[in-house]
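As C-alpha cells, the structure follows; a few thoughts come after it.
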Amino acid sequence: MNNFDWFLQGLSEAATPMNLLYAVIGVLLGTAVGVLPGIGPAMTVALLLPVTYNVSPSAAFIMFAGIFYGGMYGGSTTSILLNTPGESSSVITAIEGNKMAKAGRAAQALATAAIGSFVAGAIGTVLLATFAPPISRFAVTLGAPSYLAIMVFALVAVTAVLGASKLRGAISLFLGLAIGCVGIDFLTGQPRATFGLPQLSDGIDIVVIAVAIFAVGEALWVAAHLRRRPAEIIPVGRPWMGREDWKRSWKPWLRGTAYGFPFGALPAGGAELPTFLSYITEKRLSKHKEEFGKGAIEGVAGPEAANNASAAGTLVPMLSLGLPTNATAAVMLTAFVSYGIQPGPTLFEKEPLLIWTLIASLFIGNFLLLVLNLPLAPLWARLLRTPRPYLYAGILFFAALGALAVNVQPLDLALLLVFGLLGLMMRRFGLPVLPLIIGVILGPRIERQLRQSLQLGGGEWTSLFTEPVAIITYVLMAILLLMPLVLKLMHRSEETLLIVEDDKDQKEKAEA
Amino acid sequence: MTTTSEKTQENAAPRRVDKAQYLVCAVLVAVGAFLIYDALTLDAGFAKVDPVGPKFFPLAIGVILVVLAVILAIAIPRGSVGEADAGEDVDPDSPGDWRTVGLLVGVFVAVILLVEPLGWAIAGTLLFAGAATILGSRHYIRNIVIGAALALASFYAFYAGLGIPLPAGILDGIL
C-alpha cells in the first residue's frame with residue numbers, strides 16, 4: 001500500500017461517529033483548557049493525558065490531535081484578549097493582536113488567527129504526511145551509532161540553542177538526566193537511585209513529572225506572585241473578517257507557514273524564531289507599515305500561522321525518529337510509550353494504521369477547530385473571567401487527579417509535590433523547563449542506545465564512529481557548540497581594536 | 001543613623017546578586033551526591049561488550065551536576081541571575097508570597113496522607129476547597145461545594161467511564 005492508501009485507511013478509521021465524537025471532545029477540552037490563563041499547549045496535553053487512559057490507542061490519538069490544536073488555538077485567544085502570552089511562541093501574536101483587540105477589532109484578530117492556524121495546520125499536516133515517511137524510511141537504514149548521535153544532537157541543540165543562559169539550560173538538562181536514571185538498569189537488572197522503593201523500579205512515570213513541572217510548578221509559582229487585580233479582558237463578538245482583512249491576511253498565512261514548518265521540523269528550531277521572522281517579513285512587505293505596532297492584521301496572521309506550522313513541523317522528528325523537540329511533542333511521546341508503542345524510526349512500519357489515523361485526525365481536528373471555535377469564541381472569552389483562586393485550585397486538583405490515576409498510589413502524589421516544588425524552583429530562578437523534560441525522556445534512551453551499540457560493536461568504542469551519518473552529526477554538534485565561542489572571540493577582537501583606536505584618538509587629541 | 005543608612009546603601013548597590021540562587025546549588029549538590037553514592041553501591045558489569053556498565057551514567061551525571069553547582073556558585077557573586085518566569089497572572093515585581101505557597105504545600109501533604117484512608121472524594125474536596133481558600137476565595141461554603149462536586153464527579157467518571165478505581169476510603173460502600 002502506498003502512503004495515500006494508508007492515509008485513506010487512517011481517515012476511515014478516524015471518521016467513525018464514535019471517533020469523531022472523541023475528536024470533538026478533544027477540540028473542546030483542548031481549547032477550554034488552553035484558553036485558561038497560564039496554561040500552554042504542553043500543560044494542556046499533560047493535564048488531559050489521564051482522560052485518554054483506558055480508551056483504545058486510536059481513539060486516544062484522535063483526542064490528542066484535537067487537544068493539540070485546541071490548546072494551541074486557546075493560547076492565541078488568551079494572548080490576543082489579555083495581552084499576556086502563555087508561552088514564548090505566542091509573544092509576537094500578542095503584540096499586534098492585543099492592539100487590534102483594544103482598537104475594537106478583537107473579532108478580526110481572532111478570526112485571522114483561527115483561519116491562519118487552520119491554513120497553516122492543513123498545509124503543515126500535508127507536509128508532515130509527505131516528509132515523515134521518507135525520513136523514517138531513511139532512518140530505518142541507520143544503525144544504532146547514527147541514531148545515538150542524532151539523539152545526543154537533539155539533546156545538545158535543545159539545551160544550547162534555546163534559552164538565554166547556557167549554564168541554566170545545562171543545569172535543567174542534567175537534572176532531567178538525573179531523574180531519568182531512576183529505575184532498574186536494563187542490562188544488569190540492578191535498581192538505581194530508587195531509594196529502595198519497589199514502586200520506582202520502572203522509573204518515575206513521565207506523566208507525573210510532566211504534570212508536576214508544568215501544572216503544579218506553575219500553580220505554586222503563580223500563587224507566590226498572584227496579581228491583586230486580574231488583567232483586563234476585552235469583550236468579543238463572533239469572529240469575522242471583511243474583504244479587506246482577507247486580502248491582507250492570506251499572503252501572511254502562507255509566508256508564515258513557509259517559515260514555521262522547517263523550523264519546527266529541525267531539532268531546536270522552535271517556534272520563537274519563525275514567528276519573529278514572519279513578523280519582520282510582514283512588517284517589511286506590508287502596504288500598511290504605519291499600522292504595525294498599533295494593530296496590523298498582517299502581524300497577527302503571519303506569526304500565528306508560523307506558530308501553528310511549526311507545531312506541525314515538530315511532529316516530523318517525533319513520528320519519524322521518535323525525537324521530541326518541544327514540550328508538547330515530549331508529552332505526546334509519553335502517551336505513545338504508555339500505550340506500549342515504541343517511538344522511533346520503525347513506527348511507520350510497525351504501526352502504520354495508528355500513525356496514519358493520527359495524521360488523518362490532525363486534519364479532522366484542525367477542521368473541527370475552525371468550525372467549532374469561530375462561533376464559540378465569545379464563550380471562550382468568558383472562560384478568561386474564571387476567578388483566579390478557582391482556576392489555580394482547579395489546576396492543582398486536576399494535576400493531583402491525573403497523577404493519582406496513573407497507578408492509583410499515593411506515592412505518585414508525593415512525587416508530584418516534590419517535582420512541583422522543583423518546577424517552582426526552576427521558575428523562580430529562570431531555569432528553562434524544556435531541557436529537563438527532554439532529558440528525562442532521552443537520557444535513558446541514549447544510555448540504552450549507547451550500550452546496545454557497544455554490545456553490537458563487540459565493546460569497541462571506535463564502533464560508534466563507523467557510520468557516516470553519525471560522524472556528520474557529531475561534526476554538526478561541534479560546530480553548533482563552538483560557533484558562539486568563535487563569534488564571541490571575533491567580537492572581542494573587534495572590541496579591542498576599537499579600544500586601541502580610541503586610545504589613539506585620545507593620544508592624538510592630547511598631543512594636539 | 002548615618003552608619004545604618006550607609007549600610008542600606010551598600011546593600012542596595014550589590015543587591016543584583018541573587019543570593020537565593022545558592023538554593024539551586026544546594027539542590028544540584030544533593031542530587032549529584034546521591035547519584036554518585038548510589039552508583040558506587042552498584043555492581044559493575046563485567047561483560048567485555050558492556051564497557052560502559054551500569055555505573056557510568058549516574059556517576060557522570062552526578063559529577064557534572066556537582067560541577068555545574070560549582071560553576072553557578074562562582075557565577076552568582078558575579079551577578080549572574082536567571083530571569084524569573086513571567087505570565088498572565090504573574091506579577092514578577094511582587095516580592096513573592098511564600099506563606100501562600102507554604103500553606104498550599106501543607107494542604108497537598110495532607111491530601112497525600114489522607115487520600116488512602118479517607119478516599120479521593122473527601123481528599124479531593126479538601127484539596128480544592130483548601131487551595132481556593134488559601135488563594136483568597138472567601139466564599140467558604142461555595143469552595144467546599146465546588147470541591148465536592150468536582151471530586152465526586154471525577155470519582156464516578158474515572159470509575160464508570162475509564163475503569164480506574166480511585167481510592168474510596170471511608171466512603172467505601174456509600175459511593
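Residue numbering restarts at 1 for every chain of the C-alpha cells, chains are lettered A, B, ... in their displayed order, and ligands are numbered from 1 as they appear.
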Who sits within 8 Å of Ala168 (chain B), only C-alpha atoms, same chain under 6 positions skipped, as a VMD selection string
chain B and resid 116 118 to 121 175
Output file for the residues above (C-alpha atoms, as a compact mmCIF listing (two decimals), in the first residue's frame):
```txt
# COMPACT_ATOMS: atom_id res chain seq x y z
CA GLU B 116 -5.95 6.32 51.17
CA LEU B 118 -10.44 8.98 53.58
CA GLY B 119 -10.73 8.33 49.86
CA TRP B 120 -10.48 10.61 46.84
CA ALA B 121 -13.95 12.11 47.24
CA LEU B 175 -20.23 5.72 46.86
```
With only C-alpha atoms as the counted atoms, please give the residues lying no more than 8 Å from Leu36 (chain A), apart from itself and same-chain residues fewer than 4 positions off, as an NGL selection string.
:A and (32 or 74 or 78 or 383-384 or 391)
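For the choices A:Phe153, A:Phe64, A:Tyr339, A:Phe174, the atom-to-atom distance to chain B is smallest for A:Phe174 when using only C-alpha atoms.
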Test item: residues at most 8 Å from Leu49 (chain A), only C-alpha atoms, excluding those fewer than 4 positions along its chain, as an MDAnalysis selection string:
chainID A and resid 45 53 207 335 402
Include C-alpha atoms and write out the residues we just selected as a PDB file, in the first residue's frame.
```pdb
ATOM      1  CA  VAL A  45      -1.865  17.894  26.899  1.00  0.00           C
ATOM      2  CA  TYR A  53      -6.324   6.178  29.684  1.00  0.00           C
ATOM      3  CA  VAL A 207       3.184  11.811  33.167  1.00  0.00           C
ATOM      4  CA  ALA A 335       1.443   8.963  25.639  1.00  0.00           C
ATOM      5  CA  GLY A 402      -4.089  12.933  36.873  1.00  0.00           C
TER       6      GLY A 402
END
```
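CA of Leu369 (chain A) sits 27.8 Å away from CA of Ile213 (chain A).
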Which chain A residues are at most 7 Å from chain B (counting only C-alpha atoms), as a tab-separated table (two decimals) with N, CA and C atoms, in the first residue's frame?
```tsv
chain	number	residue	atom	x	y	z
A	37	PRO	N	-5.86	31.20	31.43
A	37	PRO	CA	-4.57	31.88	31.50
A	37	PRO	C	-3.55	31.02	32.22
A	38	GLY	N	-2.32	31.10	31.80
A	38	GLY	CA	-1.27	30.36	32.48
A	38	GLY	C	-1.11	28.94	32.02
A	53	TYR	N	-6.59	7.54	29.20
A	53	TYR	CA	-6.32	6.18	29.68
A	53	TYR	C	-7.53	5.31	29.41
A	54	ASN	N	-7.27	4.06	29.15
A	54	ASN	CA	-8.34	3.09	29.02
A	54	ASN	C	-9.30	3.33	27.86
A	84	THR	N	-1.20	38.76	27.22
A	84	THR	CA	-0.30	38.07	28.13
A	84	THR	C	-0.08	36.66	27.59
A	85	PRO	N	0.91	36.51	26.72
A	85	PRO	CA	1.11	35.22	26.08
A	85	PRO	C	1.45	34.14	27.08
A	86	GLY	N	0.88	32.96	26.90
A	86	GLY	CA	1.13	31.85	27.80
A	86	GLY	C	2.49	31.23	27.56
A	171	ILE	N	21.99	23.03	33.56
A	171	ILE	CA	21.53	22.59	34.88
A	171	ILE	C	20.21	21.86	34.75
A	174	PHE	N	20.68	18.39	33.05
A	174	PHE	CA	21.27	17.33	33.86
A	174	PHE	C	20.38	16.94	35.02
A	178	ALA	N	19.29	13.17	35.53
A	178	ALA	CA	19.36	12.52	36.84
A	178	ALA	C	18.04	11.82	37.15
A	181	CYS	N	17.67	8.55	35.47
A	181	CYS	CA	18.48	7.43	35.97
A	181	CYS	C	17.67	6.50	36.87
A	185	ASP	N	18.42	-0.89	36.04
A	185	ASP	CA	19.36	-0.86	34.92
A	185	ASP	C	18.99	-2.00	33.97
A	188	THR	N	21.94	-5.00	33.61
A	188	THR	CA	22.34	-5.81	34.75
A	188	THR	C	21.21	-6.04	35.74
A	192	ARG	N	18.55	1.33	40.39
A	192	ARG	CA	19.43	2.50	40.51
A	192	ARG	C	18.63	3.67	41.06
A	193	ALA	N	19.17	4.31	42.07
A	193	ALA	CA	18.59	5.55	42.61
A	193	ALA	C	17.11	5.42	42.92
A	220	LEU	N	2.00	26.86	41.82
A	220	LEU	CA	2.70	27.34	43.01
A	220	LEU	C	3.40	28.67	42.73
A	222	VAL	N	2.55	30.92	40.48
A	222	VAL	CA	1.55	31.99	40.39
A	222	VAL	C	1.05	32.34	41.79
A	223	ALA	N	0.88	31.31	42.63
A	223	ALA	CA	0.38	31.56	43.99
A	223	ALA	C	1.31	32.53	44.72
A	224	ALA	N	2.60	32.43	44.44
A	224	ALA	CA	3.55	33.30	45.12
A	224	ALA	C	3.50	34.72	44.58
A	225	HIS	N	2.96	34.91	43.40
A	225	HIS	CA	3.01	36.23	42.76
A	225	HIS	C	1.67	36.66	42.18
A	226	LEU	N	0.59	36.17	42.76
A	226	LEU	CA	-0.72	36.44	42.17
A	226	LEU	C	-0.98	37.95	42.13
A	227	ARG	N	-1.41	38.41	40.95
A	227	ARG	CA	-1.77	39.82	40.82
A	227	ARG	C	-2.96	40.13	41.71
A	389	PRO	N	-8.56	32.26	42.18
A	389	PRO	CA	-8.44	31.19	43.18
A	389	PRO	C	-9.00	29.87	42.67
A	390	TYR	N	-10.16	29.93	41.98
A	390	TYR	CA	-10.75	28.69	41.48
A	390	TYR	C	-9.92	28.10	40.36
A	393	ALA	N	-6.74	26.58	42.04
A	393	ALA	CA	-7.16	25.44	42.85
A	393	ALA	C	-7.56	24.29	41.93
A	394	GLY	N	-8.25	24.63	40.84
A	394	GLY	CA	-8.65	23.61	39.87
A	394	GLY	C	-7.45	22.94	39.22
A	397	PHE	N	-6.06	20.57	41.64
A	397	PHE	CA	-6.97	19.45	41.78
A	397	PHE	C	-6.79	18.46	40.62
A	405	ALA	N	-4.31	8.91	39.02
A	405	ALA	CA	-4.92	7.96	38.10
A	405	ALA	C	-3.89	7.10	37.38
A	408	VAL	N	-2.74	4.76	40.70
A	408	VAL	CA	-3.55	4.77	41.91
A	408	VAL	C	-2.68	4.45	43.13
A	410	PRO	N	-0.57	6.67	46.41
A	410	PRO	CA	-0.27	7.99	46.97
A	410	PRO	C	1.18	8.41	46.72
A	413	LEU	N	1.48	10.97	44.23
A	413	LEU	CA	1.12	12.31	44.68
A	413	LEU	C	2.31	12.97	45.36
A	414	ALA	N	3.07	12.17	46.14
A	414	ALA	CA	4.25	12.71	46.80
A	414	ALA	C	5.27	13.14	45.76
A	427	ARG	N	11.13	27.97	37.97
A	427	ARG	CA	10.52	29.23	37.52
A	427	ARG	C	11.09	30.42	38.28
A	428	ARG	N	11.34	30.23	39.56
A	428	ARG	CA	11.86	31.32	40.36
A	428	ARG	C	13.25	31.73	39.89
A	429	PHE	N	14.08	30.72	39.53
A	429	PHE	CA	15.46	31.04	39.21
A	429	PHE	C	15.75	31.03	37.71
A	430	GLY	N	14.68	31.03	36.91
A	430	GLY	CA	14.87	31.16	35.48
A	430	GLY	C	15.55	29.97	34.83
A	431	LEU	N	15.33	28.76	35.38
A	431	LEU	CA	15.85	27.56	34.70
A	431	LEU	C	14.81	27.12	33.67
A	451	ARG	N	24.83	1.66	25.02
A	451	ARG	CA	25.33	0.36	25.48
A	451	ARG	C	24.97	-0.74	24.50
A	454	LEU	N	27.40	-0.53	21.63
A	454	LEU	CA	28.70	-1.08	22.02
A	454	LEU	C	28.65	-2.60	22.07
A	455	GLN	N	27.52	-3.13	22.53
A	455	GLN	CA	27.38	-4.59	22.53
A	455	GLN	C	27.50	-5.14	21.12
A	458	GLY	N	30.93	-5.20	19.75
A	458	GLY	CA	31.90	-6.02	20.47
A	458	GLY	C	32.63	-5.25	21.56
A	459	GLY	N	32.00	-4.17	22.05
A	459	GLY	CA	32.62	-3.43	23.14
A	459	GLY	C	33.68	-2.45	22.69
```
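Nearest-residue note for Pro387 (chain A): choosing from B:Ala30, B:Ala149, B:His139, B:Val70, the minimum distance belongs to B:His139, counting only C-alpha atoms.
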Residue neighbourhood Phe214 (chain A), 12 Å, only C-alpha atoms, exclusion window fewer than 2 positions, as a ChimeraX atom specification
/A:38-47,86-87,206-212,216-222,327-328,331,395-396,399,416-417,419-424,426-427,432-434,436-437
Same residues, N, CA and C atoms, output as a CSV table (one decimal), in the first residue's frame:
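This is the output file part38.csv:
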```csv
chain,number,residue,atom,x,y,z
A,38,GLY,N,-2.3,31.1,31.8
A,38,GLY,CA,-1.3,30.4,32.5
A,38,GLY,C,-1.1,28.9,32.0
A,39,ILE,N,-2.0,28.5,31.1
A,39,ILE,CA,-1.9,27.1,30.6
A,39,ILE,C,-1.5,27.1,29.2
A,40,GLY,N,-0.3,26.6,28.8
A,40,GLY,CA,0.1,26.5,27.5
A,40,GLY,C,-0.3,25.1,26.9
A,41,PRO,N,0.0,24.9,25.6
A,41,PRO,CA,-0.4,23.6,25.0
A,41,PRO,C,0.2,22.4,25.7
A,42,ALA,N,1.5,22.5,26.1
A,42,ALA,CA,2.1,21.3,26.7
A,42,ALA,C,1.4,20.9,28.0
A,43,MET,N,1.1,22.0,28.8
A,43,MET,CA,0.4,21.7,30.1
A,43,MET,C,-1.0,21.2,29.8
A,44,THR,N,-1.7,21.7,28.7
A,44,THR,CA,-3.0,21.2,28.4
A,44,THR,C,-2.9,19.7,28.1
A,45,VAL,N,-2.0,19.3,27.2
A,45,VAL,CA,-1.9,17.9,26.9
A,45,VAL,C,-1.5,17.1,28.1
A,46,ALA,N,-0.6,17.6,29.0
A,46,ALA,CA,-0.2,16.8,30.2
A,46,ALA,C,-1.4,16.6,31.1
A,47,LEU,N,-2.2,17.7,31.3
A,47,LEU,CA,-3.3,17.6,32.2
A,47,LEU,C,-4.4,16.7,31.7
A,86,GLY,N,0.9,33.0,26.9
A,86,GLY,CA,1.1,31.8,27.8
A,86,GLY,C,2.5,31.2,27.6
A,87,GLU,N,3.1,31.4,26.4
A,87,GLU,CA,4.4,30.8,26.1
A,87,GLU,C,5.1,31.7,25.1
A,206,ILE,N,6.6,9.5,33.5
A,206,ILE,CA,6.8,10.8,32.9
A,206,ILE,C,5.6,11.6,33.0
A,207,VAL,N,4.4,11.0,33.0
A,207,VAL,CA,3.2,11.8,33.2
A,207,VAL,C,3.2,12.6,34.5
A,208,VAL,N,3.6,11.9,35.5
A,208,VAL,CA,3.7,12.6,36.8
A,208,VAL,C,4.7,13.7,36.8
A,209,ILE,N,5.9,13.5,36.1
A,209,ILE,CA,6.9,14.5,36.0
A,209,ILE,C,6.4,15.7,35.2
A,210,ALA,N,5.7,15.4,34.1
A,210,ALA,CA,5.3,16.5,33.2
A,210,ALA,C,4.2,17.3,33.9
A,211,VAL,N,3.2,16.6,34.5
A,211,VAL,CA,2.1,17.4,35.2
A,211,VAL,C,2.7,18.2,36.3
A,212,ALA,N,3.7,17.6,37.1
A,212,ALA,CA,4.3,18.3,38.2
A,212,ALA,C,5.0,19.5,37.7
A,216,VAL,N,1.7,21.8,38.5
A,216,VAL,CA,1.9,22.2,39.9
A,216,VAL,C,2.9,23.3,40.1
A,217,GLY,N,4.1,23.2,39.3
A,217,GLY,CA,5.1,24.2,39.4
A,217,GLY,C,4.5,25.6,39.1
A,218,GLU,N,3.7,25.6,38.0
A,218,GLU,CA,3.1,26.9,37.6
A,218,GLU,C,2.1,27.4,38.6
A,219,ALA,N,1.3,26.5,39.1
A,219,ALA,CA,0.3,27.0,40.1
A,219,ALA,C,0.9,27.5,41.3
A,220,LEU,N,2.0,26.9,41.8
A,220,LEU,CA,2.7,27.3,43.0
A,220,LEU,C,3.4,28.7,42.7
A,221,TRP,N,4.0,28.8,41.5
A,221,TRP,CA,4.7,30.0,41.2
A,221,TRP,C,3.7,31.2,41.1
A,222,VAL,N,2.5,30.9,40.5
A,222,VAL,CA,1.6,32.0,40.4
A,222,VAL,C,1.1,32.3,41.8
A,327,ALA,N,8.1,20.9,24.1
A,327,ALA,CA,7.4,20.3,25.3
A,327,ALA,C,6.2,19.5,24.9
A,328,THR,N,5.4,20.1,24.0
A,328,THR,CA,4.1,19.4,23.7
A,328,THR,C,4.4,18.0,23.0
A,331,VAL,N,5.5,15.5,25.7
A,331,VAL,CA,4.4,15.0,26.4
A,331,VAL,C,3.6,14.0,25.6
A,395,ILE,N,-6.4,23.7,38.9
A,395,ILE,CA,-5.2,23.2,38.3
A,395,ILE,C,-4.6,22.2,39.2
A,396,LEU,N,-4.5,22.6,40.5
A,396,LEU,CA,-3.9,21.6,41.5
A,396,LEU,C,-4.7,20.4,41.6
A,399,ALA,N,-4.3,18.2,38.5
A,399,ALA,CA,-3.0,17.7,38.5
A,399,ALA,C,-2.9,16.5,39.4
A,416,LEU,N,4.6,14.0,42.8
A,416,LEU,CA,4.0,15.2,42.1
A,416,LEU,C,4.4,16.5,42.9
A,417,LEU,N,4.3,16.4,44.2
A,417,LEU,CA,4.6,17.5,45.1
A,417,LEU,C,6.1,17.9,45.0
A,419,PHE,N,8.3,17.2,42.6
A,419,PHE,CA,8.7,17.7,41.3
A,419,PHE,C,8.0,19.1,41.0
A,420,GLY,N,6.8,19.2,41.7
A,420,GLY,CA,6.1,20.5,41.6
A,420,GLY,C,7.0,21.6,42.2
A,421,LEU,N,7.6,21.3,43.4
A,421,LEU,CA,8.4,22.2,44.1
A,421,LEU,C,9.7,22.5,43.2
A,422,LEU,N,10.2,21.4,42.5
A,422,LEU,CA,11.3,21.6,41.6
A,422,LEU,C,10.9,22.6,40.5
A,423,GLY,N,9.7,22.4,40.0
A,423,GLY,CA,9.2,23.3,38.9
A,423,GLY,C,9.1,24.7,39.4
A,424,LEU,N,8.6,24.9,40.7
A,424,LEU,CA,8.6,26.2,41.3
A,424,LEU,C,10.0,26.8,41.3
A,426,MET,N,12.5,26.1,39.5
A,426,MET,CA,13.0,26.4,38.2
A,426,MET,C,12.4,27.7,37.7
A,427,ARG,N,11.1,28.0,38.0
A,427,ARG,CA,10.5,29.2,37.5
A,427,ARG,C,11.1,30.4,38.3
A,432,PRO,N,15.2,26.9,32.4
A,432,PRO,CA,14.2,26.5,31.4
A,432,PRO,C,13.7,25.1,31.7
A,433,VAL,N,12.4,24.9,31.3
A,433,VAL,CA,11.7,23.7,31.7
A,433,VAL,C,12.0,22.6,30.6
A,434,LEU,N,12.1,23.0,29.3
A,434,LEU,CA,12.1,22.1,28.2
A,434,LEU,C,13.3,21.1,28.3
A,436,LEU,N,14.8,19.9,30.8
A,436,LEU,CA,14.6,18.9,31.8
A,436,LEU,C,13.7,17.8,31.3
A,437,ILE,N,12.6,18.2,30.7
A,437,ILE,CA,11.7,17.2,30.2
A,437,ILE,C,12.3,16.3,29.1
```
Please return as a PyMOL selection string: the residues of region 103-316 of chain A that backbone DSSP assigns to strand (DSSP E or B).
chain A and resi 183-184+191-192+226
DSSP on the backbone: which residues in region 308-408 of chain A end up as helix (DSSP H, G or I)? Give the answer as a ChimeraX atom specification.
/A:308-321,327-338,347-350,352-383,388-407
